[in-house]
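Note: the block below is final34.txt and it holds compact mmCIF, C-alpha atoms.
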```txt
# COMPACT_ATOMS: atom_id res chain seq x y z
CA MET A 1 -9.40 -8.41 48.27
CA ASN A 2 -11.44 -10.75 50.49
CA LEU A 3 -15.17 -11.32 50.17
CA VAL A 4 -16.18 -9.02 53.02
CA ASN A 5 -14.19 -6.10 51.64
CA ARG A 6 -15.39 -6.71 48.09
CA LEU A 7 -19.04 -6.79 49.20
CA SER A 8 -18.47 -3.63 51.19
CA THR A 9 -17.03 -1.92 48.11
CA VAL A 10 -19.90 -3.06 45.92
CA GLY A 11 -22.50 -2.35 48.60
CA SER A 12 -22.95 1.29 47.68
CA LEU A 13 -23.58 0.33 44.07
CA LEU A 14 -26.18 -2.23 45.03
CA LYS A 15 -28.05 0.20 47.28
CA LYS A 16 -28.74 2.37 44.25
CA THR A 17 -30.40 -0.47 42.37
CA THR A 18 -31.84 -3.16 44.64
CA ASN A 19 -34.71 -1.00 45.85
CA SER A 20 -35.79 0.00 42.36
CA THR A 21 -38.71 -1.65 40.66
CA THR A 22 -38.30 -3.48 37.38
CA THR A 23 -41.18 -4.84 35.36
CA ILE A 24 -40.53 -8.49 34.56
CA THR A 25 -42.07 -9.72 31.32
CA THR A 26 -42.70 -13.33 30.36
CA THR A 27 -41.74 -15.07 27.15
CA THR A 28 -42.69 -18.31 25.49
CA SER A 29 -39.11 -19.54 25.46
CA PHE A 30 -36.28 -19.75 27.99
CA ASN A 31 -32.62 -18.96 27.31
CA LEU A 32 -30.35 -21.96 26.95
CA LEU A 33 -33.21 -24.41 27.49
CA THR A 34 -34.48 -26.78 24.82
CA ASN A 35 -37.62 -28.79 24.26
CA LYS A 36 -35.45 -31.59 22.91
CA ALA A 37 -35.64 -33.48 26.17
CA ILE A 38 -39.44 -33.19 26.21
CA ASN A 39 -39.76 -34.38 22.64
CA ASN A 40 -37.40 -37.25 23.28
CA ASN A 41 -39.40 -38.11 26.36
CA ASN A 42 -42.66 -38.29 24.37
CA ASN A 43 -41.11 -40.32 21.55
CA ASN A 44 -39.37 -42.77 23.81
CA ASN A 45 -42.02 -43.42 26.45
CA ASN A 46 -42.51 -47.01 25.36
CA ASN A 47 -38.77 -47.74 25.31
CA ASN A 48 -38.29 -46.04 28.67
CA ASN A 49 -40.99 -48.16 30.28
CA ASN A 50 -39.13 -51.28 29.19
CA ASN A 51 -35.75 -50.00 30.39
CA ASN A 52 -36.79 -48.32 33.65
CA ASN A 53 -36.22 -51.37 35.83
CA ASN A 54 -32.69 -51.89 34.47
CA ASN A 55 -31.76 -48.22 34.68
CA ASN A 56 -33.13 -47.77 38.20
CA ASN A 57 -30.81 -50.54 39.39
CA MET A 58 -27.90 -48.19 38.74
CA PHE A 59 -29.15 -45.65 41.27
CA GLN A 60 -28.63 -45.93 44.99
CA ASN A 61 -31.72 -46.52 47.10
CA LYS A 62 -31.96 -42.89 48.04
CA LYS A 63 -34.67 -40.49 46.93
CA LEU A 64 -34.72 -36.74 46.75
CA ALA A 65 -36.59 -35.17 49.59
CA THR A 66 -39.84 -33.73 48.31
CA PRO A 67 -42.48 -31.74 50.16
CA SER A 68 -45.14 -33.94 51.68
CA ASN A 69 -48.80 -33.07 51.72
CA ASN A 70 -49.43 -35.46 54.58
CA ILE A 71 -47.19 -33.92 57.23
CA THR A 72 -49.03 -33.64 60.52
CA LYS A 73 -49.79 -30.06 61.36
CA PRO A 74 -48.28 -28.77 64.60
CA SER A 75 -50.59 -28.25 67.51
CA THR A 76 -52.08 -24.82 67.95
CA THR A 77 -50.09 -24.39 71.16
CA THR A 78 -46.74 -24.75 69.36
CA THR A 79 -45.18 -21.88 67.44
CA LYS A 80 -42.75 -22.95 64.72
CA PRO A 81 -39.55 -20.87 64.72
CA MET A 82 -39.16 -18.62 61.71
CA SER A 83 -36.62 -19.95 59.24
CA GLN A 84 -33.41 -18.08 58.48
CA CYS A 85 -34.63 -17.40 54.92
CA ALA A 86 -37.92 -15.97 56.16
CA GLN A 87 -36.13 -13.76 58.68
CA ALA A 88 -33.83 -12.42 55.98
CA LEU A 89 -36.80 -11.48 53.80
CA ILE A 90 -38.75 -9.60 56.46
CA GLY A 91 -39.83 -6.27 55.01
CA ASN A 92 -38.81 -7.18 51.44
CA LYS A 93 -41.68 -6.16 49.18
CA PHE A 94 -40.29 -7.91 46.10
CA TYR A 95 -39.90 -11.48 47.38
CA THR A 96 -41.35 -13.78 50.04
CA THR A 97 -40.96 -17.38 51.15
CA LYS A 98 -43.64 -20.01 50.56
CA PRO A 99 -45.73 -19.79 53.77
CA ASP A 100 -47.21 -23.28 53.36
CA TYR A 101 -43.91 -25.02 52.73
CA LYS A 102 -42.83 -27.46 55.44
CA ALA A 103 -39.48 -29.24 55.12
CA ASP A 104 -38.83 -32.65 56.63
CA LYS A 105 -35.21 -31.68 57.29
CA PRO A 106 -32.84 -28.73 56.79
CA PHE A 107 -31.82 -27.97 53.22
CA LEU A 108 -28.49 -29.64 52.44
CA GLY A 109 -28.34 -29.56 48.65
CA PRO A 110 -27.42 -32.50 46.41
CA PRO A 111 -25.09 -35.32 47.52
CA GLY A 112 -21.47 -34.32 47.51
CA LYS A 113 -20.27 -37.41 45.65
CA LEU A 114 -21.65 -39.31 42.65
CA ASN A 115 -21.45 -42.67 44.42
CA GLU A 116 -24.14 -41.41 46.78
CA VAL A 117 -26.50 -41.17 43.79
CA VAL A 118 -25.55 -43.96 41.38
CA LYS A 119 -23.71 -47.26 41.36
CA ILE A 120 -20.65 -46.07 39.47
CA GLU A 121 -19.37 -49.55 38.67
CA LEU A 122 -22.55 -50.26 36.70
CA MET A 123 -22.85 -46.85 35.10
CA GLU A 124 -19.29 -46.81 33.76
CA LYS A 125 -19.99 -49.91 31.68
CA GLU A 126 -22.44 -47.95 29.52
CA ASP A 127 -21.64 -45.71 26.56
CA VAL A 128 -22.02 -41.92 26.74
CA ALA A 129 -25.43 -41.81 25.04
CA THR A 130 -26.85 -44.36 27.48
CA ILE A 131 -25.40 -42.60 30.53
CA LYS A 132 -26.87 -39.29 29.38
CA ASP A 133 -30.29 -40.83 28.78
CA ILE A 134 -30.30 -42.58 32.17
CA TRP A 135 -29.17 -39.44 34.05
CA LEU A 136 -31.66 -37.10 32.42
CA GLN A 137 -34.62 -39.48 32.59
CA TYR A 138 -33.97 -40.24 36.26
CA HIS A 139 -34.10 -36.56 37.21
CA LEU A 140 -36.82 -35.48 34.78
CA LYS A 141 -39.62 -35.34 37.36
CA LYS A 142 -37.53 -34.53 40.42
CA ASP A 143 -37.44 -31.22 42.27
CA CYS A 144 -34.01 -30.46 40.87
CA LEU A 145 -32.12 -29.54 37.71
CA CYS A 146 -29.78 -31.79 35.77
CA ALA A 147 -27.34 -31.67 32.87
CA VAL A 148 -24.69 -33.69 31.07
CA ILE A 149 -21.83 -31.34 30.21
CA PRO A 150 -19.16 -32.10 27.57
CA LYS A 151 -15.62 -32.12 28.95
CA ASP A 152 -14.31 -29.14 26.95
CA ILE A 153 -17.24 -26.94 27.94
CA TYR A 154 -16.93 -27.90 31.60
CA LYS A 155 -13.21 -27.14 31.65
CA LYS A 156 -13.89 -23.59 30.48
CA LEU A 157 -16.87 -23.27 32.84
CA ILE A 158 -14.98 -24.40 35.93
CA GLU A 159 -11.71 -22.60 35.14
CA ARG A 160 -13.51 -19.29 34.77
CA SER A 161 -15.65 -20.02 37.81
CA LYS A 162 -12.58 -20.54 39.97
CA ALA A 163 -10.96 -17.39 38.55
CA CYS A 164 -14.10 -15.39 39.42
CA PRO A 165 -15.46 -17.32 42.40
CA ILE A 166 -17.96 -14.70 43.58
CA PHE A 167 -20.60 -12.66 41.78
CA ILE A 168 -23.98 -10.99 42.27
CA PHE A 169 -27.00 -11.97 40.16
CA PRO A 170 -30.49 -10.40 40.23
CA LEU A 171 -33.42 -12.76 40.79
CA PRO A 172 -36.80 -11.39 39.60
CA GLY A 173 -39.56 -11.26 42.19
CA ASP A 174 -42.87 -9.40 42.31
CA LYS A 175 -42.35 -6.26 40.16
CA GLY A 176 -38.72 -6.11 41.22
CA PHE A 177 -35.73 -8.26 42.06
CA ILE A 178 -33.44 -9.33 44.88
CA SER A 179 -29.68 -9.76 44.76
CA MET A 180 -28.29 -13.29 44.90
CA LEU A 181 -24.70 -14.10 45.86
CA TYR A 182 -23.00 -16.86 43.84
CA GLN A 183 -19.91 -18.62 45.19
CA ASN A 184 -17.66 -21.26 43.65
CA GLN A 185 -16.74 -24.06 46.03
CA GLY A 186 -14.62 -26.36 43.92
CA ASP A 187 -16.93 -28.33 41.62
CA HIS A 188 -19.98 -26.96 43.44
CA PHE A 189 -21.82 -23.68 42.83
CA VAL A 190 -23.69 -22.17 45.79
CA PHE A 191 -26.35 -19.43 45.60
CA THR A 192 -27.47 -17.45 48.66
CA TYR A 193 -29.57 -14.33 49.23
CA LEU A 194 -27.02 -11.51 49.54
CA GLU A 195 -28.58 -9.88 52.62
CA GLN A 196 -28.73 -13.28 54.29
CA TYR A 197 -25.04 -13.85 53.64
CA LYS A 198 -24.10 -10.43 54.97
CA LYS A 199 -25.70 -11.35 58.29
CA HIS A 200 -24.79 -15.04 58.61
CA THR A 201 -21.70 -15.32 56.32
CA VAL A 202 -20.62 -18.99 56.13
CA ASN A 203 -23.67 -20.06 58.15
CA ALA A 204 -26.13 -18.62 55.64
CA VAL A 205 -28.61 -21.23 54.38
CA PRO A 206 -28.14 -21.75 50.60
CA TRP A 207 -30.99 -21.12 48.19
CA MET A 208 -29.51 -23.49 45.63
CA VAL A 209 -26.51 -25.79 45.30
CA ALA A 210 -25.30 -27.17 41.95
CA SER A 211 -22.92 -30.13 42.12
CA HIS A 212 -20.79 -31.22 39.15
CA TYR A 213 -19.63 -34.83 39.28
CA ILE A 214 -16.37 -35.33 37.38
CA ASP A 215 -16.08 -39.12 37.80
CA PHE A 216 -16.45 -39.72 34.05
CA ILE A 217 -14.58 -36.65 32.78
CA ASP A 218 -11.56 -38.68 31.59
CA THR A 219 -13.13 -42.01 30.63
CA LYS A 220 -16.35 -40.68 29.01
CA GLU A 221 -15.44 -36.98 28.56
CA ILE A 222 -18.65 -35.84 30.26
CA VAL A 223 -19.58 -34.25 33.60
CA LEU A 224 -22.89 -34.95 35.32
CA MET A 225 -24.61 -32.00 37.02
CA ARG A 226 -27.40 -31.91 39.58
CA ALA A 227 -28.69 -28.70 41.15
CA GLU A 228 -31.19 -28.65 44.00
CA PRO A 229 -33.15 -25.52 44.95
CA ASN A 230 -34.21 -24.75 48.49
CA LEU A 231 -37.94 -25.25 47.94
CA GLU A 232 -38.86 -22.77 50.66
CA VAL A 233 -37.68 -19.93 48.44
CA LEU A 234 -37.11 -21.27 44.91
CA ASN A 235 -38.95 -23.41 42.39
CA ASN A 236 -37.33 -25.17 39.43
CA ILE A 237 -37.96 -22.29 37.02
CA GLN A 238 -36.28 -19.77 39.32
CA ALA A 239 -33.43 -22.23 39.88
CA GLN A 240 -33.02 -22.62 36.11
CA TYR A 241 -32.91 -18.85 35.78
CA LEU A 242 -30.05 -18.56 38.27
CA TYR A 243 -28.01 -21.40 36.81
CA ASN A 244 -28.54 -20.19 33.26
CA GLN A 245 -27.41 -16.69 34.20
CA LEU A 246 -24.21 -18.12 35.68
CA GLN A 247 -23.65 -20.41 32.70
CA THR A 248 -24.07 -17.51 30.29
CA TYR A 249 -21.73 -15.20 32.18
CA LEU A 250 -19.02 -17.86 32.41
CA LEU A 251 -19.17 -18.97 28.77
CA ASP A 252 -19.86 -15.68 26.99
CA ASP A 253 -16.67 -13.63 26.64
CA ASP A 254 -18.37 -10.22 26.88
CA LYS A 255 -20.38 -11.12 29.97
CA TYR A 256 -17.38 -12.79 31.56
CA LYS A 257 -15.55 -9.46 31.38
CA ILE A 258 -18.20 -8.10 33.78
CA MET A 259 -17.35 -10.87 36.25
CA GLN A 260 -13.64 -10.09 35.86
CA THR A 261 -14.32 -6.44 36.65
CA PHE A 262 -16.20 -7.42 39.81
CA THR A 263 -13.36 -9.73 40.86
CA ASN A 264 -10.30 -7.70 39.93
CA ARG A 265 -11.51 -4.09 39.83
CA PRO A 266 -14.55 -3.85 42.13
CA ASN A 267 -14.42 -0.03 42.18
CA GLU A 268 -15.23 -0.06 38.45
CA PHE A 269 -18.08 -2.59 38.75
CA ASP A 270 -21.55 -1.32 37.84
CA PHE A 271 -24.43 -3.56 38.89
CA ASN A 272 -26.66 -1.81 36.37
CA ASP A 273 -24.82 -3.69 33.60
CA VAL A 274 -26.05 -6.95 35.12
CA ILE A 275 -29.59 -5.61 35.49
CA LYS A 276 -29.66 -4.68 31.79
CA ASN A 277 -28.72 -8.24 30.89
CA MET A 278 -31.44 -9.52 33.23
CA ASP A 279 -34.08 -7.88 31.02
CA SER A 280 -33.19 -10.26 28.18
CA MET A 281 -33.71 -13.34 30.38
CA SER A 282 -37.30 -13.48 31.65
CA LEU A 283 -38.94 -15.89 34.03
CA LEU A 284 -41.84 -17.91 32.68
CA ASP A 285 -45.35 -17.75 34.04
CA ASP A 286 -46.90 -20.87 35.59
CA LYS A 287 -48.62 -22.00 32.39
CA GLN A 288 -45.45 -21.75 30.32
CA ALA A 289 -43.35 -23.34 33.03
CA LYS A 290 -45.32 -26.57 32.75
CA LEU A 291 -44.04 -26.97 29.19
CA ILE A 292 -40.39 -26.72 30.16
CA SER A 293 -38.10 -29.59 31.12
CA ASN A 294 -35.79 -29.35 34.14
CA VAL A 295 -32.92 -30.44 31.88
CA ILE A 296 -30.27 -27.84 31.10
CA GLU A 297 -28.65 -28.54 27.73
CA PHE A 298 -25.03 -27.86 26.79
CA GLU A 299 -24.99 -28.35 23.03
CA GLU A 300 -23.35 -26.97 19.89
CA LYS A 301 -24.03 -23.30 20.60
CA GLU A 302 -22.12 -23.58 23.88
CA ALA A 303 -19.39 -25.70 22.24
CA GLU A 304 -18.69 -22.83 19.84
CA LEU A 305 -17.74 -20.69 22.83
CA VAL A 306 -14.99 -23.05 23.94
CA ASP A 307 -11.46 -21.91 23.09
CA LYS A 308 -9.78 -24.46 20.88
```
Target encoding structure tokens, full file:
Amino acid sequence: MNLVNRLSTVGSLLKKTTNSTTTITTTTSFNLLTNKAINNNNNNNNNNNNNNNNNNNMFQNKKLATPSNNITKPSTTTTKPMSQCAQALIGNKFYTTKPDYKADKPFLGPPGKLNEVVKIELMEKEDVATIKDIWLQYHLKKDCLCAVIPKDIYKKLIERSKACPIFIFPLPGDKGFISMLYQNQGDHFVFTYLEQYKKHTVNAVPWMVASHYIDFIDTKEIVLMRAEPNLEVLNNIQAQYLYNQLQTYLLDDDKYKIMQTFTNRPNEFDFNDVIKNMDSMSLLDDKQAKLISNVIEFEEKEAELVDK
């Protein structure tokens, strides 16, 4: 069954739930995140200052695009066209775009290849611990997410992702949620607002793209991940929420069965099962969010889920 037919089949189920209101609570912790990176950052500040110059030489002279506060405001006689994301959200009472956000260029997501980010010939000379430290420290204060994924975990993650390449995840908004479409595109995960995709299909602007770089999967047995949110509609905490939902559904056997039902038996799929699971994963408020790293950890508890 192709994507259009599957979405049509599931559409009636979504209509019963997407307009309902759900109270979203906040917690002092975040599923699958760890403060380890923050603690390491505080303990190693002095060492990092000494090593920054050497480590930065491994990265290409390209910087992530970040919103600028000094962009010249358009003249009062010019009306800026409404973005595709803003158009898609017209009339949605649960979610809105950031009205003050102004992008320098269209959202493209992270680079498609690792050699557009780092100098691979220098990086591959380092051991795994050094590569992980360099990768995580480099992205720590960027408007993106990052991770270093062990080979065995990634193999399970990507194999299941390709077997179930499409799914619907709820994203909490103001007293409710919206439905986000996830798609596997090889080693890249793409998230788009479902209603936006229904209208624009392959031309829909992504809300987040997560790229997994497998250049070191054989030599170092690790995969480097970088995920960039579309800052018009997502911040890092919301992006973490989406990626963590996907990670959990792909690695947890019980939750993966829900994805299999959606993929193989869409008539039996019940979106309410996903909404129930959403209640156990809460977004953080602004104060709590400041305490959280943008590093997503794949450690022992995920390793236990890998089939030996």
With the cut-off set at 7 Å and counting only C-alpha atoms, tabulate each residue of segment 136-219 of chain A with an atom at most that distance from an atom of segment 100-112 of chain A, showing the nearest atom pair and its distance in Å to one decimal, ordered by chain and increasing number, as CSV.
```
residue,atom,partner,partner_atom,distance
A:Met208,CA,A:Gly109,CA,6.9
A:Val209,CA,A:Gly109,CA,5.4
A:Ser211,CA,A:Pro110,CA,6.7
```
* Of the listed residues A:Ile258, A:Lys199, A:Gln137, A:Arg226, that which approaches Ile275 of chain A most closely, counting only C-alpha atoms ->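 Selected residue with least distance to Ile275 of chain A: A:Ile258.
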* Go ahead and compute the interatomic distance for atom CA of Val202 of chain A and atom CA of Phe94 of chain A, in Å to one decimal. =>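 Atom CA of Val202 of chain A sits 24.7 Å away from atom CA of Phe94 of chain A.
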* How far is it from atom CA of Lys98 of chain A to atom CA of Lys276 of chain A, in Å with one decimal? ->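 Calculated distance between atom CA of Lys98 of chain A and atom CA of Lys276 of chain A is 28.0 Å.
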Neighbours of Phe191 of chain A within 6 Å (only C-alpha atoms; same-chain residues fewer than 6 positions away dropped), as a short mmCIF file (atom, residue, chain, number, x, y, z; two decimals) with C-alpha atoms, keeping the file's coordinate frame?
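Full text of part17.cif as output:
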```cif
data_model
loop_
_atom_site.label_atom_id
_atom_site.label_comp_id
_atom_site.auth_asym_id
_atom_site.auth_seq_id
_atom_site.Cartn_x
_atom_site.Cartn_y
_atom_site.Cartn_z
CA LEU A 181 -24.70 -14.10 45.86
CA TYR A 182 -23.00 -16.86 43.84
CA PRO A 206 -28.14 -21.75 50.60
CA TRP A 207 -30.99 -21.12 48.19
CA MET A 208 -29.51 -23.49 45.63
#
```
* Mind checking which residues fall within 9 Å of segment 129-132 of chain A, counting all atoms listed in the file, ignoring those fewer than 6 positions away in the same chain, and posting them as a PyMOL selection string? => chain A and resi 123+147-148+222+224
* Residue among A:Phe167, A:Tyr154, A:Trp135, A:Phe59 lying closest to Tyr249 of chain A, counting only C-alpha atoms -> A:Phe167
* Straight-line distance linking atom CA of Tyr138 of chain A with atom CA of Pro229 of chain A, stated in Å to one decimal ->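 Spanning atom CA of Tyr138 of chain A to atom CA of Pro229 of chain A is a straight-line distance of 17.1 Å.
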* Asked: For Ala239 of chain A, which residue out of A:Asn115, A:Thr192, A:Gln87, A:Asn92 is the nearest one, using all atoms listed in the file?
  -> A:Thr192
* Identify, on the basis of only C-alpha atoms, every residue whose closest approach to Glu221 of chain A does not exceed 7 Å; exclude the query and any residue fewer than 5 positions from it along the same chain; express the result as number ranges by chain. => A: 150-151, 216
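Distance annotation: of A:Ile153, A:Ile168, A:Leu136, A:Ile120, the residue with the minimal separation from Thr263 of chain A is A:Ile168; atom set is only C-alpha atoms.
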* **Nearest to Asn277 of chain A by atom-to-atom distance, counting only C-alpha atoms, from A:Asp254, A:Asn184, A:Leu234, A:His139** => A:Asp254
* Asked: In terms of the shortest atom-to-atom distance over all atoms listed in the file, which of A:Asp253, A:Cys164, A:Thr96, A:Ile149 is closest to Ile217 of chain A?
  -> A:Ile149
